[in-house]
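Quick look at start_19.csv (CSV, C-alpha atoms):
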```csv
chain,number,residue,atom,x,y,z
A,1,MET,CA,-8.5,22.4,-20.2
A,2,SER,CA,-12.0,22.4,-21.9
A,3,LYS,CA,-10.4,21.1,-25.1
A,4,ILE,CA,-9.0,18.2,-23.1
A,5,LEU,CA,-12.3,17.5,-21.6
A,6,THR,CA,-14.2,17.4,-24.9
A,7,GLN,CA,-11.6,15.1,-26.6
A,8,VAL,CA,-13.1,11.7,-27.7
A,9,ILE,CA,-11.7,9.0,-25.5
A,10,PRO,CA,-10.1,6.1,-27.4
A,11,PRO,CA,-10.4,2.5,-26.3
A,12,VAL,CA,-8.2,1.5,-23.5
A,13,SER,CA,-6.8,-1.9,-22.5
A,14,ILE,CA,-6.6,-2.5,-18.7
A,15,ILE,CA,-4.4,-5.4,-17.5
A,16,ILE,CA,-4.9,-6.8,-14.0
A,17,PRO,CA,-2.5,-9.4,-12.7
A,18,THR,CA,-4.1,-11.5,-9.9
A,19,LEU,CA,-3.3,-14.0,-7.3
A,20,ASN,CA,-6.0,-14.8,-4.7
A,21,GLU,CA,-7.8,-11.5,-5.1
A,22,GLU,CA,-11.4,-12.5,-4.6
A,23,LYS,CA,-11.7,-10.0,-1.7
A,24,TYR,CA,-10.5,-6.9,-3.6
A,25,LEU,CA,-11.1,-7.6,-7.3
A,26,PRO,CA,-14.9,-7.1,-7.2
A,27,ALA,CA,-14.5,-3.4,-6.1
A,28,LEU,CA,-12.2,-2.7,-9.1
A,29,LEU,CA,-14.4,-4.5,-11.6
A,30,ASN,CA,-17.5,-2.7,-10.2
A,31,SER,CA,-15.8,0.7,-10.6
A,32,LEU,CA,-14.8,-0.1,-14.2
A,33,ARG,CA,-18.4,-0.8,-15.0
A,34,ASN,CA,-19.1,3.0,-14.4
A,35,ILE,CA,-16.7,4.0,-17.2
A,36,ASN,CA,-18.7,4.6,-20.4
A,37,SER,CA,-15.9,4.6,-22.9
A,38,PRO,CA,-14.6,1.4,-24.5
A,39,LEU,CA,-12.5,-0.9,-22.3
A,40,GLU,CA,-10.8,-4.1,-22.9
A,41,ILE,CA,-10.2,-5.6,-19.4
A,42,ILE,CA,-7.8,-8.5,-19.2
A,43,VAL,CA,-7.3,-10.3,-15.9
A,44,VAL,CA,-4.2,-12.5,-15.8
A,45,ASP,CA,-4.5,-15.0,-13.0
A,46,GLY,CA,-1.5,-16.8,-11.5
A,47,ASN,CA,-3.3,-20.0,-10.6
A,48,SER,CA,-5.4,-18.6,-7.6
A,49,THR,CA,-6.6,-21.1,-5.0
A,50,ASP,CA,-9.5,-18.9,-4.0
A,51,GLY,CA,-12.6,-17.6,-5.9
A,52,THR,CA,-10.7,-15.1,-8.1
A,53,VAL,CA,-11.6,-16.8,-11.4
A,54,GLN,CA,-15.2,-17.1,-10.3
A,55,VAL,CA,-15.4,-13.4,-9.5
A,56,VAL,CA,-14.3,-12.6,-13.1
A,57,ALA,CA,-16.9,-15.0,-14.5
A,58,GLU,CA,-19.6,-13.3,-12.4
A,59,HIS,CA,-18.7,-9.9,-13.7
A,60,GLN,CA,-18.3,-10.8,-17.4
A,61,PRO,CA,-22.0,-10.3,-18.3
A,62,HIS,CA,-21.7,-6.6,-17.2
A,63,PHE,CA,-19.1,-5.8,-19.9
A,64,TYR,CA,-20.6,-6.0,-23.4
A,65,GLY,CA,-20.7,-4.0,-26.6
A,66,ASP,CA,-17.6,-1.9,-26.9
A,67,SER,CA,-16.3,-3.2,-23.6
A,68,SER,CA,-15.1,-6.7,-22.6
A,69,LEU,CA,-13.8,-8.6,-19.7
A,70,ARG,CA,-11.8,-11.8,-20.0
A,71,ILE,CA,-9.4,-13.9,-18.0
A,72,ILE,CA,-6.1,-15.5,-19.0
A,73,GLU,CA,-4.7,-18.2,-16.7
A,74,ALA,CA,-0.9,-18.0,-16.6
A,75,LYS,CA,1.1,-21.2,-16.4
A,76,GLU,CA,3.5,-19.5,-14.0
A,77,ARG,CA,3.2,-16.9,-11.3
A,78,GLY,CA,5.0,-13.6,-11.5
A,79,ILE,CA,3.9,-10.0,-11.6
A,80,SER,CA,6.1,-9.1,-14.6
A,81,LEU,CA,5.3,-12.3,-16.4
A,82,GLN,CA,1.5,-11.8,-15.8
A,83,ARG,CA,1.6,-8.2,-16.9
A,84,ASN,CA,3.5,-9.0,-20.0
A,85,LEU,CA,1.1,-11.9,-20.9
A,86,GLY,CA,-1.9,-9.6,-20.6
A,87,ALA,CA,-0.2,-6.8,-22.6
A,88,TYR,CA,0.8,-9.1,-25.5
A,89,GLU,CA,-2.9,-10.1,-25.7
A,90,ALA,CA,-4.2,-6.5,-25.6
A,91,GLN,CA,-5.6,-4.9,-28.7
A,92,HIS,CA,-5.8,-1.2,-27.9
A,93,ASP,CA,-3.0,1.5,-28.1
A,94,ILE,CA,-3.2,2.6,-24.5
A,95,PHE,CA,-2.4,0.2,-21.6
A,96,ILE,CA,-3.2,0.8,-18.0
A,97,PHE,CA,-1.8,-1.8,-15.5
A,98,CYS,CA,-4.0,-2.0,-12.5
A,99,ASP,CA,-3.4,-3.8,-9.2
A,100,ALA,CA,-6.4,-5.8,-8.1
A,101,ASP,CA,-6.8,-3.7,-4.9
A,102,MET,CA,-7.4,-0.5,-6.8
A,103,VAL,CA,-10.7,1.4,-7.5
A,104,ALA,CA,-11.0,3.3,-10.7
A,105,PRO,CA,-12.3,6.9,-10.6
A,106,SER,CA,-15.6,8.2,-12.1
A,107,HIS,CA,-16.1,8.2,-15.8
A,108,GLN,CA,-15.4,11.9,-15.9
A,109,SER,CA,-12.2,11.6,-14.0
A,110,PHE,CA,-11.1,8.6,-16.1
A,111,SER,CA,-11.8,10.6,-19.3
A,112,LEU,CA,-9.8,13.5,-18.0
A,113,TYR,CA,-6.9,11.1,-17.1
A,114,ILE,CA,-6.8,9.6,-20.6
A,115,SER,CA,-7.3,12.9,-22.3
A,116,ASN,CA,-4.3,14.4,-20.4
A,117,PHE,CA,-2.2,11.3,-21.2
A,118,ILE,CA,-2.9,11.9,-24.9
A,119,HIS,CA,-2.7,15.7,-24.8
A,120,LYS,CA,0.7,15.6,-23.0
A,121,LYS,CA,2.0,12.9,-25.5
A,122,SER,CA,3.0,10.8,-22.6
A,123,VAL,CA,4.8,7.5,-23.1
A,124,VAL,CA,4.5,6.5,-19.5
A,125,ALA,CA,2.5,8.1,-16.7
A,126,SER,CA,0.8,7.5,-13.4
A,127,PRO,CA,-2.2,8.8,-11.6
A,128,VAL,CA,-2.1,10.4,-8.1
A,129,LEU,CA,-2.8,7.5,-5.7
A,130,VAL,CA,-4.9,7.9,-2.6
A,131,PRO,CA,-5.6,5.3,0.0
A,132,ILE,CA,-9.0,3.5,0.1
A,133,GLU,CA,-8.8,3.1,3.8
A,134,ARG,CA,-9.0,5.9,6.3
A,135,GLY,CA,-6.6,6.7,9.1
A,136,ILE,CA,-4.0,9.3,10.1
A,137,ARG,CA,-1.1,6.9,9.8
A,138,ILE,CA,-2.2,5.8,6.3
A,139,ALA,CA,-2.8,9.3,5.1
A,140,LEU,CA,0.6,10.4,6.4
A,141,LEU,CA,2.3,7.4,4.7
A,142,HIS,CA,0.7,8.3,1.4
A,143,LYS,CA,1.7,12.0,1.7
A,144,VAL,CA,5.3,11.0,2.3
A,145,MET,CA,5.2,8.7,-0.7
A,146,ALA,CA,3.6,11.3,-2.9
A,147,GLY,CA,6.2,13.9,-1.8
A,148,ALA,CA,9.0,11.5,-2.6
A,149,GLN,CA,7.6,10.9,-6.0
A,150,ARG,CA,7.2,14.6,-6.8
A,151,LEU,CA,10.8,15.1,-5.7
A,152,LEU,CA,12.0,12.3,-7.9
A,153,LEU,CA,10.1,13.6,-10.9
A,154,SER,CA,11.7,17.0,-10.4
A,155,LEU,CA,15.0,15.2,-10.6
A,156,ARG,CA,13.9,13.6,-13.9
A,157,ARG,CA,13.4,10.2,-12.3
A,158,PRO,CA,10.0,8.8,-13.2
A,159,TYR,CA,9.7,6.1,-10.5
A,160,PHE,CA,6.1,5.0,-11.2
A,161,GLY,CA,4.6,2.1,-9.3
A,162,GLY,CA,2.6,-0.6,-11.0
A,163,ALA,CA,-0.7,0.6,-9.6
A,164,GLY,CA,-2.2,2.6,-12.5
A,165,LEU,CA,1.0,2.7,-14.6
A,166,THR,CA,-0.1,3.9,-18.0
A,167,THR,CA,1.8,3.5,-21.2
A,168,THR,CA,1.4,3.0,-25.0
A,169,LYS,CA,1.4,-0.3,-26.9
A,170,GLU,CA,4.1,1.1,-29.1
A,171,VAL,CA,6.5,1.9,-26.2
A,172,PHE,CA,5.7,-1.4,-24.4
A,173,TYR,CA,6.8,-3.4,-27.4
A,174,ALA,CA,9.8,-1.0,-28.0
A,175,VAL,CA,11.2,-1.7,-24.5
A,176,GLY,CA,10.3,-5.3,-24.4
A,177,GLY,CA,7.7,-5.1,-21.6
A,178,PHE,CA,8.5,-5.7,-18.0
A,179,ASP,CA,11.7,-7.4,-17.0
A,180,THR,CA,10.7,-10.9,-15.8
A,181,ASN,CA,14.1,-11.3,-14.0
A,182,LEU,CA,13.0,-8.6,-11.5
A,183,LEU,CA,11.0,-9.8,-8.5
A,184,LEU,CA,10.5,-6.3,-7.2
A,185,GLY,CA,10.9,-2.8,-8.7
A,186,GLU,CA,9.9,-4.1,-12.1
A,187,ASP,CA,7.5,-1.2,-12.4
A,188,VAL,CA,10.1,1.5,-11.7
A,189,ASP,CA,12.5,-0.3,-14.1
A,190,TYR,CA,9.9,-0.2,-16.8
A,191,SER,CA,9.1,3.5,-16.2
A,192,LEU,CA,12.8,4.4,-16.5
A,193,ARG,CA,13.3,2.5,-19.7
A,194,ALA,CA,10.0,3.8,-21.2
A,195,SER,CA,10.8,7.4,-20.3
A,196,LYS,CA,13.7,7.3,-22.8
A,197,HIS,CA,11.1,7.2,-25.6
A,198,GLY,CA,9.3,10.4,-24.8
A,199,PRO,CA,7.5,12.6,-22.1
A,200,TYR,CA,6.5,11.1,-18.8
A,201,HIS,CA,4.0,12.6,-16.3
A,202,GLN,CA,2.2,12.1,-13.1
A,203,ILE,CA,-1.3,13.1,-14.1
A,204,ASN,CA,-3.3,15.0,-11.5
A,205,VAL,CA,-6.3,12.6,-11.3
A,206,LYS,CA,-6.9,10.5,-8.2
A,207,TRP,CA,-7.2,6.7,-8.3
A,208,SER,CA,-7.7,4.8,-5.1
A,209,VAL,CA,-5.6,1.9,-3.9
A,210,SER,CA,-5.5,-0.2,-0.7
A,211,ALA,CA,-2.9,0.2,2.0
A,212,ARG,CA,-3.4,-3.4,2.9
A,213,ARG,CA,0.2,-4.4,3.3
A,214,PHE,CA,0.9,-1.4,5.6
A,215,ILE,CA,-2.2,-2.1,7.6
A,216,LYS,CA,-1.2,-5.8,8.1
A,217,TYR,CA,2.5,-5.3,8.7
A,218,GLY,CA,2.8,-1.7,9.9
A,219,TYR,CA,5.8,0.6,10.2
A,220,ARG,CA,8.2,-2.2,11.3
A,221,TRP,CA,7.9,-3.8,7.9
A,222,ILE,CA,8.9,-0.6,6.1
A,223,LEU,CA,11.7,0.3,8.5
A,224,LYS,CA,13.2,-3.2,8.1
A,225,GLU,CA,13.3,-2.8,4.3
A,226,THR,CA,14.6,0.8,4.4
A,227,PRO,CA,18.1,0.0,3.1
A,228,GLU,CA,16.7,-1.7,0.0
A,229,LEU,CA,14.0,1.0,-0.5
A,230,LEU,CA,16.7,3.7,-0.4
A,231,ARG,CA,18.7,1.7,-2.9
A,232,LEU,CA,15.6,1.6,-5.1
A,233,LEU,CA,15.3,5.4,-4.9
A,234,SER,CA,18.9,6.0,-5.7
A,235,LYS,CA,19.6,3.3,-8.2
A,236,GLY,CA,16.2,2.4,-9.7
A,237,ARG,CA,16.7,-1.2,-8.8
A,238,ILE,CA,16.7,-3.4,-5.7
A,239,LYS,CA,19.9,-5.3,-5.2
A,240,ASN,CA,18.5,-8.6,-4.0
A,241,ALA,CA,14.7,-8.8,-4.1
A,242,LYS,CA,14.7,-12.3,-2.6
A,243,THR,CA,15.7,-10.8,0.8
A,244,VAL,CA,12.9,-8.2,0.7
A,245,PHE,CA,9.6,-9.3,2.3
A,246,TYR,CA,6.8,-8.3,0.0
A,247,PRO,CA,3.8,-10.7,0.2
A,248,PHE,CA,1.6,-11.7,-2.7
A,249,GLY,CA,-1.7,-13.6,-2.8
A,250,GLU,CA,-2.5,-13.7,0.9
A,251,TYR,CA,-5.5,-11.4,1.1
A,252,THR,CA,-8.4,-13.8,1.0
A,253,GLU,CA,-9.3,-13.5,4.7
```

Rendering of file as structure tokens:
Amino acid sequence: MSKILTQVIPPVSIIIPTLNEEKYLPALLNSLRNINSPLEIIVVDGNSTDGTVQVVAEHQPHFYGDSSLRIIEAKERGISLQRNLGAYEAQHDIFIFCDADMVAPSHQSFSLYISNFIHKKSVVASPVLVPIERGIRIALLHKVMAGAQRLLLSLRRPYFGGAGLTTTKEVFYAVGGFDTNLLLGEDVDYSLRASKHGPYHQINVKWSVSARRFIKYGYRWILKETPELLRLLSKGRIKNAKTVFYPFGEYTE
């Protein structure tokens, strides 16, 4: 472990797709400011109608030298499309796809995460996600989700979500990026295709992510979508994403 900790951390490209994220994006950008290794941060905005673009502009002066922050305005909206657009512009060999409602760990934990990714020769990986918000129900939901992911990994099914999904530039190009035909489950689909090119891991470093959809819509939302979620777990794809309620870009209030 000490050898991993002392390994020099290479530059990393962080791709953040956004749509009306002025409320959550500042926390992510502020947390990335605490990382002292080189970062290329690319925000790919889907024509936000709030102050998302302004948030990026306000934070740009804080990233300089070996680190940078820039924004790309996508002509079309779409999580896969926006992730791909950012990745094709990225310069470094390691990609981390972050959701706008995440908070990066400390510099030491981030370094440990990247070092493990390299040491394990991973082609696709994910951190351990923990909720930003507190509460028994939220904590229980995350424990259930974490347990399900561990079970799937033991069955050789790397079902990694898009929050913190980490991969290499080489593998991203080899598999053709995210499937823009998929409205949901595109992250799991990418993970499965990428895993055919080498080792995959969940790295035991915690990153925080908001449970905002669960907070707003509660258990009923999850129970209603249970059939499609079970299909995703068993098949790796959702049959008809247009019938699944999964809101984007409505968290400005």

Practice prompt. Kindly indicate which residue among A:Gln202, A:Ser195, A:Gln91, A:Asn181 lies nearest to Gly164 (chain A), using only C-alpha atoms for the distances.
Written response: A:Gln202

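Note that the spacing between CA of Ala100 (chain A) and CA of Leu29 (chain A) amounts to 8.8 Å.
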
Worksheet entry | Within 9 Å of Ala174 (chain A) using only C-alpha atoms, minus same-chain residues under 5 positions, as a list of chain:residue names | A:Lys169, A:Ala194, A:His197

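Closest approach to His201 (chain A) among A:Phe110, A:Phe117, A:Tyr64, A:Phe214: A:Phe117, based on all atoms listed in the file.
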
Discussion item. Counting all atoms listed in the file, which residues sit no farther than 9 Å from the position (-6.9, 1.1, -31.2) in the file's frame? I'd like them as a ChimeraX atom specification.
Written reply: /A:10-12,91-94

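Nearest residue to Ser37 (chain A), choosing from A:Ile114, A:Ile96, A:Val103, A:Leu192 and counting only C-alpha atoms: A:Ile114.
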
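Each of A:Ser31, A:Gln60, A:Ser68, A:Gln82 was compared to Val44 (chain A) using all atoms listed in the file, and A:Gln82 turns out to be the nearest.
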
Worksheet item: Can you tell me how far CA of Leu69 (chain A) sits from CA of Val209 (chain A), in Å to one decimal?
Response: 20.7 Å

Near region 141-153 of chain A, 10 Å: region 25-133 of chain A residue rows, closest pairs, all atoms listed in the file, as CSV:
```
residue,atom,partner,partner_atom,distance
A:Val128,CA,A:Ala146,CA,7.8
A:Leu129,CA,A:Ala146,CA,8.0
A:Val130,CA,A:His142,CA,6.9
A:Pro131,CA,A:His142,CA,7.1
```

Item to complete: Using only C-alpha atoms, determine which residues lie at most 8 Å from Val56 (chain A), disregarding the query and same-chain residues fewer than 2 positions distant; provide the list as a PyMOL selection string.
Response: chain A and resi 43+52-54+58-60+69-71

Worksheet item: Taking (-10.4, 5.9, -10.0) in the file's coordinates, which residues come within 9 Å, counting all atoms listed in the file, written as a list in words?
Response: Leu28, Ser31, Leu32, Met102, Val103, Ala104, Pro105, Ser106, His107, Ser109, Phe110, Pro127, Leu129, Val205, Lys206, Trp207, Ser208 and Val209 of chain A

File dump, residues just selected, C-alpha atoms, as an mmCIF file, in the coordinates of the input:
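Printed below is out33.cif as written:
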```
data_model
loop_
_atom_site.group_PDB
_atom_site.id
_atom_site.type_symbol
_atom_site.label_atom_id
_atom_site.label_comp_id
_atom_site.auth_asym_id
_atom_site.auth_seq_id
_atom_site.Cartn_x
_atom_site.Cartn_y
_atom_site.Cartn_z
ATOM 1 C CA LEU A 28 -12.200 -2.700 -9.100
ATOM 2 C CA SER A 31 -15.800 0.700 -10.600
ATOM 3 C CA LEU A 32 -14.800 -0.100 -14.200
ATOM 4 C CA MET A 102 -7.400 -0.500 -6.800
ATOM 5 C CA VAL A 103 -10.700 1.400 -7.500
ATOM 6 C CA ALA A 104 -11.000 3.300 -10.700
ATOM 7 C CA PRO A 105 -12.300 6.900 -10.600
ATOM 8 C CA SER A 106 -15.600 8.200 -12.100
ATOM 9 C CA HIS A 107 -16.100 8.200 -15.800
ATOM 10 C CA SER A 109 -12.200 11.600 -14.000
ATOM 11 C CA PHE A 110 -11.100 8.600 -16.100
ATOM 12 C CA PRO A 127 -2.200 8.800 -11.600
ATOM 13 C CA LEU A 129 -2.800 7.500 -5.700
ATOM 14 C CA VAL A 205 -6.300 12.600 -11.300
ATOM 15 C CA LYS A 206 -6.900 10.500 -8.200
ATOM 16 C CA TRP A 207 -7.200 6.700 -8.300
ATOM 17 C CA SER A 208 -7.700 4.800 -5.100
ATOM 18 C CA VAL A 209 -5.600 1.900 -3.900
#
```

Worksheet, complete the sentence: Residue with the minimum atom-to-atom distance to Gly135 (chain A), picked from A:Ala74, A:Ala211, A:Tyr159, A:Ile42 with all atoms listed in the file counted, is A:Ala211

Fill in: Point-to-point distance from CA of Ser48 (chain A) to CA of Tyr24 (chain A), Å rounded to tenths
13.4 Å

Item to complete: For Gly176 (chain A), list every protein, DNA or RNA residue within 12 Å, evaluated using all atoms listed in the file, and leave out those in the same chain fewer than 3 positions away; present the list as an NGL selection string.
Response: :A and (80-81 or 83-85 or 87-88 or 169-173 or 179-180 or 189-190 or 193-194)

Worksheet, complete the sentence: Closest of A:Gly46, A:Pro199, A:Ile138, A:Leu184 to Arg156 (chain A), counting only C-alpha atoms, is A:Pro199

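Counting only C-alpha atoms, Phe160 (chain A) has the following residues at most 7 Å away, ignoring those fewer than 3 positions along the same chain: Ser126, Leu165, Asp187, Val188 and Ser191 of chain A.
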
Keeping only C-alpha atoms, take the residues you just selected and write them out as a PDB file, keeping the file's coordinate frame.
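selection07.pdb, written as the output of this step:
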```pdb
ATOM      1  CA  SER A 126       0.800   7.500 -13.400  1.00  0.00           C
ATOM      2  CA  LEU A 165       1.000   2.700 -14.600  1.00  0.00           C
ATOM      3  CA  ASP A 187       7.500  -1.200 -12.400  1.00  0.00           C
ATOM      4  CA  VAL A 188      10.100   1.500 -11.700  1.00  0.00           C
ATOM      5  CA  SER A 191       9.100   3.500 -16.200  1.00  0.00           C
TER       6      SER A 191
END
```

Rebuild region 21-45 of chain A so that it carries N, CA, C and O atoms, then output the result as a short mmCIF file (atom, residue, chain, number, x, y, z; two decimals), in the frame of the given file.
```
data_model
loop_
_atom_site.label_atom_id
_atom_site.label_comp_id
_atom_site.auth_asym_id
_atom_site.auth_seq_id
_atom_site.Cartn_x
_atom_site.Cartn_y
_atom_site.Cartn_z
N GLU A 21 -7.29 -12.91 -5.24
CA GLU A 21 -7.80 -11.50 -5.10
C GLU A 21 -9.33 -11.48 -5.03
O GLU A 21 -9.91 -10.46 -5.39
N GLU A 22 -9.98 -12.54 -4.58
CA GLU A 22 -11.40 -12.50 -4.60
C GLU A 22 -12.02 -11.48 -3.63
O GLU A 22 -13.15 -11.02 -3.83
N LYS A 23 -11.25 -11.04 -2.66
CA LYS A 23 -11.70 -10.00 -1.70
C LYS A 23 -11.72 -8.63 -2.32
O LYS A 23 -12.66 -7.84 -2.12
N TYR A 24 -10.68 -8.30 -3.08
CA TYR A 24 -10.50 -6.90 -3.60
C TYR A 24 -10.93 -6.72 -5.00
O TYR A 24 -11.36 -5.63 -5.37
N LEU A 25 -10.82 -7.74 -5.83
CA LEU A 25 -11.10 -7.60 -7.30
C LEU A 25 -12.51 -7.10 -7.56
O LEU A 25 -12.69 -6.30 -8.50
N PRO A 26 -13.56 -7.54 -6.84
CA PRO A 26 -14.90 -7.10 -7.20
C PRO A 26 -15.04 -5.54 -7.14
O PRO A 26 -15.74 -4.97 -7.99
N ALA A 27 -14.39 -4.87 -6.20
CA ALA A 27 -14.50 -3.40 -6.10
C ALA A 27 -13.90 -2.75 -7.37
O ALA A 27 -14.46 -1.78 -7.90
N LEU A 28 -12.79 -3.28 -7.85
CA LEU A 28 -12.20 -2.70 -9.10
C LEU A 28 -13.07 -2.95 -10.26
O LEU A 28 -13.32 -2.02 -11.05
N LEU A 29 -13.58 -4.16 -10.43
CA LEU A 29 -14.40 -4.50 -11.60
C LEU A 29 -15.72 -3.64 -11.53
O LEU A 29 -16.20 -3.16 -12.56
N ASN A 30 -16.28 -3.49 -10.35
CA ASN A 30 -17.50 -2.70 -10.20
C ASN A 30 -17.24 -1.22 -10.61
O ASN A 30 -18.07 -0.57 -11.24
N SER A 31 -16.07 -0.70 -10.22
CA SER A 31 -15.80 0.70 -10.60
C SER A 31 -15.54 0.85 -12.07
O SER A 31 -15.90 1.88 -12.65
N LEU A 32 -14.99 -0.16 -12.72
CA LEU A 32 -14.80 -0.10 -14.20
C LEU A 32 -16.08 -0.16 -14.93
O LEU A 32 -16.18 0.33 -16.06
N ARG A 33 -17.11 -0.72 -14.32
CA ARG A 33 -18.40 -0.80 -15.00
C ARG A 33 -19.01 0.65 -15.14
O ARG A 33 -19.85 0.87 -16.01
N ASN A 34 -18.55 1.58 -14.32
CA ASN A 34 -19.10 3.00 -14.40
C ASN A 34 -18.43 3.80 -15.47
O ASN A 34 -18.83 4.94 -15.69
N ILE A 35 -17.43 3.25 -16.13
CA ILE A 35 -16.70 4.00 -17.20
C ILE A 35 -17.44 3.68 -18.53
O ILE A 35 -17.56 2.53 -18.93
N ASN A 36 -17.90 4.72 -19.20
CA ASN A 36 -18.70 4.60 -20.40
C ASN A 36 -17.98 4.55 -21.70
O ASN A 36 -18.59 4.45 -22.76
N SER A 37 -16.67 4.68 -21.66
CA SER A 37 -15.90 4.60 -22.90
C SER A 37 -15.39 3.15 -23.04
O SER A 37 -15.36 2.38 -22.07
N PRO A 38 -15.01 2.75 -24.25
CA PRO A 38 -14.60 1.40 -24.50
C PRO A 38 -13.45 0.88 -23.69
O PRO A 38 -12.41 1.54 -23.65
N LEU A 39 -13.61 -0.26 -23.06
CA LEU A 39 -12.50 -0.90 -22.30
C LEU A 39 -12.36 -2.32 -22.66
O LEU A 39 -13.33 -3.05 -22.86
N GLU A 40 -11.13 -2.71 -22.74
CA GLU A 40 -10.80 -4.10 -22.90
C GLU A 40 -10.08 -4.49 -21.55
O GLU A 40 -8.96 -4.06 -21.30
N ILE A 41 -10.74 -5.27 -20.72
CA ILE A 41 -10.20 -5.60 -19.40
C ILE A 41 -9.68 -7.05 -19.47
O ILE A 41 -10.43 -7.97 -19.78
N ILE A 42 -8.40 -7.21 -19.16
CA ILE A 42 -7.80 -8.50 -19.20
C ILE A 42 -7.24 -8.86 -17.81
O ILE A 42 -6.32 -8.19 -17.31
N VAL A 43 -7.82 -9.85 -17.16
CA VAL A 43 -7.30 -10.30 -15.90
C VAL A 43 -6.40 -11.51 -16.16
O VAL A 43 -6.78 -12.46 -16.84
N VAL A 44 -5.18 -11.42 -15.66
CA VAL A 44 -4.20 -12.50 -15.80
C VAL A 44 -3.97 -13.14 -14.49
O VAL A 44 -3.33 -12.56 -13.62
N ASP A 45 -4.50 -14.34 -14.31
CA ASP A 45 -4.50 -15.00 -13.00
C ASP A 45 -3.29 -15.95 -12.87
O ASP A 45 -3.00 -16.71 -13.79
#
```
